[in-house]
>>> print(open('target-v6.txt').read())   # compact mmCIF, C-alpha atoms
# COMPACT_ATOMS: atom_id res chain seq x y z
CA MET A 1 108.90 106.49 102.11
CA ALA A 2 108.10 104.06 99.32
CA LEU A 3 105.45 104.96 96.81
CA LYS A 4 102.65 102.57 95.92
CA VAL A 5 102.95 101.75 92.23
CA LEU A 6 100.45 100.27 89.80
CA ILE A 7 102.08 99.04 86.59
CA VAL A 8 99.82 98.94 83.54
CA GLU A 9 101.48 97.25 80.56
CA ASP A 10 100.05 94.71 78.12
CA ASN A 11 103.40 93.17 77.18
CA MET A 12 104.36 90.71 79.93
CA ILE A 13 108.12 90.95 79.26
CA ILE A 14 108.08 94.75 79.44
CA GLN A 15 105.85 94.55 82.52
CA MET A 16 108.40 92.32 84.27
CA PHE A 17 111.24 94.64 83.19
CA ILE A 18 109.47 97.71 84.60
CA GLU A 19 108.67 95.80 87.79
CA SER A 20 112.34 94.86 88.30
CA ILE A 21 113.46 98.48 87.79
CA ILE A 22 110.91 99.83 90.24
CA GLU A 23 111.75 97.16 92.83
CA SER A 24 115.45 97.98 92.47
CA ILE A 25 114.78 101.53 93.69
CA ASP A 26 112.82 100.20 96.69
CA GLU A 27 109.35 101.22 95.65
CA ASN A 28 106.32 99.15 96.65
CA ILE A 29 104.58 97.58 93.66
CA VAL A 30 101.00 97.17 94.77
CA ARG A 31 99.72 95.51 91.64
CA THR A 32 100.25 94.99 87.94
CA ALA A 33 97.60 95.15 85.23
CA SER A 34 97.70 94.27 81.57
CA ASN A 35 94.85 96.48 80.37
CA SER A 36 92.74 99.47 81.35
CA ASN A 37 89.92 97.39 82.82
CA GLU A 38 92.32 95.61 85.19
CA ALA A 39 93.89 98.94 86.12
CA ILE A 40 90.52 100.49 86.98
CA SER A 41 89.63 97.44 89.07
CA ALA A 42 92.96 97.68 90.90
CA LEU A 43 92.40 101.36 91.67
CA ARG A 44 89.01 100.56 93.16
CA PHE A 45 90.67 98.23 95.69
CA PHE A 46 93.72 100.33 96.54
CA HIS A 47 93.92 103.95 97.52
CA GLN A 48 96.59 105.34 95.21
CA THR A 49 98.48 108.58 94.93
CA LEU A 50 98.75 109.17 91.19
CA TYR A 51 101.61 111.07 89.59
CA TYR A 52 101.48 112.06 85.94
>>> encode(input="target-v6.txt", output="structure tokens")
Amino acid sequence: MALKVLIVEDNMIIQMFIESIIESIDENIVRTASNSNEAISALRFFHQTLYY
């Protein structure tokens, strides 16, 4: 079962790198965000299971 992943990273190159790694292990990237405000907005629209 693929996890839903929200990537929060302000550096676009690092964001793309993280995205490619996560996609390579068959996880479902729901959305990316470049700051905390975007991340909070994304969480309001998608029900997420958060792992710390």
>>> atom_distance(input="target-v6.txt", atom1="CA of Val8 (chain A)", atom2="CA of Asp26 (chain A)")
18.5 Å
>>> closest_residue(input="target-v6.txt", among="A:Glu23, A:Met16, A:Leu3, A:Glu9", to="Asn35 (chain A)", atoms="all atoms listed in the file")
A:Glu9
>>> closest_residue(input="target-v6.txt", among="A:Ile13, A:Ile7, A:Ile25, A:Ser20", to="Glu38 (chain A)", atoms="only C-alpha atoms")
A:Ile7
>>> residues_around(input="target-v6.txt", residues="Asn11 (chain A)", least_positions_apart="3", cutoff="8 Å", atoms="only C-alpha atoms", output="compact mmCIF listing (two decimals) with C-alpha atoms, in the frame of the given file")
# COMPACT_ATOMS: atom_id res chain seq x y z
CA ILE A 14 108.08 94.75 79.44
CA GLN A 15 105.85 94.55 82.52
CA SER A 34 97.70 94.27 81.57
>>> decode(input="target-v6.txt", residues="region 32-46 of chain A", atoms="all heavy atoms", output="PDB file, in the first residue's frame")
ATOM      1  N   THR A  32       3.234  18.862  -3.412  1.00  0.00           N
ATOM      2  CA  THR A  32       4.452  19.479  -2.916  1.00  0.00           C
ATOM      3  C   THR A  32       4.126  20.896  -2.473  1.00  0.00           C
ATOM      4  O   THR A  32       3.189  21.520  -2.974  1.00  0.00           O
ATOM      5  CB  THR A  32       5.559  19.512  -3.986  1.00  0.00           C
ATOM      6  OG1 THR A  32       5.092  20.232  -5.121  1.00  0.00           O
ATOM      7  CG2 THR A  32       5.983  18.113  -4.389  1.00  0.00           C
ATOM      8  N   ALA A  33       4.899  21.400  -1.515  1.00  0.00           N
ATOM      9  CA  ALA A  33       4.718  22.759  -1.022  1.00  0.00           C
ATOM     10  C   ALA A  33       6.092  23.357  -0.779  1.00  0.00           C
ATOM     11  O   ALA A  33       7.035  22.656  -0.433  1.00  0.00           O
ATOM     12  CB  ALA A  33       3.910  22.750   0.270  1.00  0.00           C
ATOM     13  N   SER A  34       6.186  24.662  -0.966  1.00  0.00           N
ATOM     14  CA  SER A  34       7.487  25.302  -0.780  1.00  0.00           C
ATOM     15  C   SER A  34       7.572  26.116   0.504  1.00  0.00           C
ATOM     16  O   SER A  34       8.612  26.695   0.796  1.00  0.00           O
ATOM     17  CB  SER A  34       7.818  26.193  -1.984  1.00  0.00           C
ATOM     18  OG  SER A  34       6.849  27.208  -2.119  1.00  0.00           O
ATOM     19  N   ASN A  35       6.495  26.153   1.276  1.00  0.00           N
ATOM     20  CA  ASN A  35       6.547  26.846   2.572  1.00  0.00           C
ATOM     21  C   ASN A  35       5.442  26.311   3.481  1.00  0.00           C
ATOM     22  O   ASN A  35       4.595  25.525   3.053  1.00  0.00           O
ATOM     23  CB  ASN A  35       6.439  28.369   2.390  1.00  0.00           C
ATOM     24  CG  ASN A  35       5.167  28.795   1.708  1.00  0.00           C
ATOM     25  OD1 ASN A  35       4.072  28.372   2.089  1.00  0.00           O
ATOM     26  ND2 ASN A  35       5.291  29.623   0.674  1.00  0.00           N
ATOM     27  N   SER A  36       5.452  26.766   4.723  1.00  0.00           N
ATOM     28  CA  SER A  36       4.500  26.240   5.699  1.00  0.00           C
ATOM     29  C   SER A  36       3.058  26.606   5.363  1.00  0.00           C
ATOM     30  O   SER A  36       2.145  25.809   5.604  1.00  0.00           O
ATOM     31  CB  SER A  36       4.861  26.724   7.105  1.00  0.00           C
ATOM     32  OG  SER A  36       4.828  28.144   7.154  1.00  0.00           O
ATOM     33  N   ASN A  37       2.832  27.774   4.813  1.00  0.00           N
ATOM     34  CA  ASN A  37       1.469  28.163   4.458  1.00  0.00           C
ATOM     35  C   ASN A  37       0.896  27.252   3.379  1.00  0.00           C
ATOM     36  O   ASN A  37      -0.268  26.846   3.454  1.00  0.00           O
ATOM     37  CB  ASN A  37       1.419  29.617   3.985  1.00  0.00           C
ATOM     38  CG  ASN A  37       1.681  30.590   5.105  1.00  0.00           C
ATOM     39  OD1 ASN A  37       1.412  30.303   6.263  1.00  0.00           O
ATOM     40  ND2 ASN A  37       2.225  31.751   4.766  1.00  0.00           N
ATOM     41  N   GLU A  38       1.695  26.933   2.366  1.00  0.00           N
ATOM     42  CA  GLU A  38       1.248  26.008   1.325  1.00  0.00           C
ATOM     43  C   GLU A  38       1.001  24.620   1.901  1.00  0.00           C
ATOM     44  O   GLU A  38       0.057  23.934   1.498  1.00  0.00           O
ATOM     45  CB  GLU A  38       2.275  25.920   0.201  1.00  0.00           C
ATOM     46  CG  GLU A  38       2.352  27.153  -0.666  1.00  0.00           C
ATOM     47  CD  GLU A  38       3.396  27.028  -1.767  1.00  0.00           C
ATOM     48  OE1 GLU A  38       3.919  25.907  -1.983  1.00  0.00           O
ATOM     49  OE2 GLU A  38       3.689  28.045  -2.401  1.00  0.00           O
ATOM     50  N   ALA A  39       1.852  24.206   2.824  1.00  0.00           N
ATOM     51  CA  ALA A  39       1.697  22.881   3.434  1.00  0.00           C
ATOM     52  C   ALA A  39       0.403  22.794   4.230  1.00  0.00           C
ATOM     53  O   ALA A  39      -0.329  21.802   4.134  1.00  0.00           O
ATOM     54  CB  ALA A  39       2.893  22.582   4.341  1.00  0.00           C
ATOM     55  N   ILE A  40       0.102  23.821   4.996  1.00  0.00           N
ATOM     56  CA  ILE A  40      -1.139  23.835   5.777  1.00  0.00           C
ATOM     57  C   ILE A  40      -2.346  23.814   4.847  1.00  0.00           C
ATOM     58  O   ILE A  40      -3.317  23.096   5.087  1.00  0.00           O
ATOM     59  CB  ILE A  40      -1.160  25.048   6.727  1.00  0.00           C
ATOM     60  CG1 ILE A  40      -0.115  24.852   7.827  1.00  0.00           C
ATOM     61  CG2 ILE A  40      -2.550  25.242   7.334  1.00  0.00           C
ATOM     62  CD1 ILE A  40       0.157  26.083   8.652  1.00  0.00           C
ATOM     63  N   SER A  41      -2.287  24.576   3.776  1.00  0.00           N
ATOM     64  CA  SER A  41      -3.383  24.574   2.798  1.00  0.00           C
ATOM     65  C   SER A  41      -3.568  23.189   2.189  1.00  0.00           C
ATOM     66  O   SER A  41      -4.693  22.721   2.014  1.00  0.00           O
ATOM     67  CB  SER A  41      -3.118  25.591   1.696  1.00  0.00           C
ATOM     68  OG  SER A  41      -3.162  26.898   2.199  1.00  0.00           O
ATOM     69  N   ALA A  42      -2.458  22.535   1.852  1.00  0.00           N
ATOM     70  CA  ALA A  42      -2.525  21.197   1.266  1.00  0.00           C
ATOM     71  C   ALA A  42      -3.153  20.204   2.238  1.00  0.00           C
ATOM     72  O   ALA A  42      -3.952  19.355   1.841  1.00  0.00           O
ATOM     73  CB  ALA A  42      -1.136  20.733   0.855  1.00  0.00           C
ATOM     74  N   LEU A  43      -2.810  20.315   3.511  1.00  0.00           N
ATOM     75  CA  LEU A  43      -3.360  19.395   4.505  1.00  0.00           C
ATOM     76  C   LEU A  43      -4.845  19.610   4.712  1.00  0.00           C
ATOM     77  O   LEU A  43      -5.565  18.682   5.083  1.00  0.00           O
ATOM     78  CB  LEU A  43      -2.613  19.539   5.832  1.00  0.00           C
ATOM     79  CG  LEU A  43      -1.190  18.997   5.826  1.00  0.00           C
ATOM     80  CD1 LEU A  43      -0.497  19.309   7.139  1.00  0.00           C
ATOM     81  CD2 LEU A  43      -1.191  17.506   5.565  1.00  0.00           C
ATOM     82  N   ARG A  44      -5.311  20.814   4.480  1.00  0.00           N
ATOM     83  CA  ARG A  44      -6.751  21.068   4.604  1.00  0.00           C
ATOM     84  C   ARG A  44      -7.534  20.360   3.500  1.00  0.00           C
ATOM     85  O   ARG A  44      -8.689  20.010   3.689  1.00  0.00           O
ATOM     86  CB  ARG A  44      -7.021  22.564   4.552  1.00  0.00           C
ATOM     87  CG  ARG A  44      -6.588  23.266   5.801  1.00  0.00           C
ATOM     88  CD  ARG A  44      -6.989  24.720   5.784  1.00  0.00           C
ATOM     89  NE  ARG A  44      -6.564  25.339   7.036  1.00  0.00           N
ATOM     90  CZ  ARG A  44      -6.093  26.557   7.140  1.00  0.00           C
ATOM     91  NH1 ARG A  44      -6.000  27.327   6.069  1.00  0.00           N
ATOM     92  NH2 ARG A  44      -5.726  27.036   8.306  1.00  0.00           N
ATOM     93  N   PHE A  45      -6.921  20.171   2.343  1.00  0.00           N
ATOM     94  CA  PHE A  45      -7.602  19.559   1.204  1.00  0.00           C
ATOM     95  C   PHE A  45      -7.439  18.047   1.153  1.00  0.00           C
ATOM     96  O   PHE A  45      -8.233  17.355   0.534  1.00  0.00           O
ATOM     97  CB  PHE A  45      -7.121  20.169  -0.111  1.00  0.00           C
ATOM     98  CG  PHE A  45      -7.585  21.585  -0.294  1.00  0.00           C
ATOM     99  CD1 PHE A  45      -6.697  22.627  -0.146  1.00  0.00           C
ATOM    100  CD2 PHE A  45      -8.903  21.850  -0.605  1.00  0.00           C
ATOM    101  CE1 PHE A  45      -7.121  23.940  -0.309  1.00  0.00           C
ATOM    102  CE2 PHE A  45      -9.339  23.154  -0.765  1.00  0.00           C
ATOM    103  CZ  PHE A  45      -8.445  24.203  -0.616  1.00  0.00           C
ATOM    104  N   PHE A  46      -6.407  17.516   1.761  1.00  0.00           N
ATOM    105  CA  PHE A  46      -6.145  16.087   1.698  1.00  0.00           C
ATOM    106  C   PHE A  46      -6.062  15.504   3.098  1.00  0.00           C
ATOM    107  O   PHE A  46      -5.384  16.047   3.958  1.00  0.00           O
ATOM    108  CB  PHE A  46      -4.822  15.810   0.966  1.00  0.00           C
ATOM    109  CG  PHE A  46      -4.821  16.259  -0.450  1.00  0.00           C
ATOM    110  CD1 PHE A  46      -4.167  17.425  -0.814  1.00  0.00           C
ATOM    111  CD2 PHE A  46      -5.480  15.528  -1.424  1.00  0.00           C
ATOM    112  CE1 PHE A  46      -4.169  17.864  -2.130  1.00  0.00           C
ATOM    113  CE2 PHE A  46      -5.480  15.960  -2.742  1.00  0.00           C
ATOM    114  CZ  PHE A  46      -4.830  17.120  -3.085  1.00  0.00           C
TER     115      PHE A  46
END
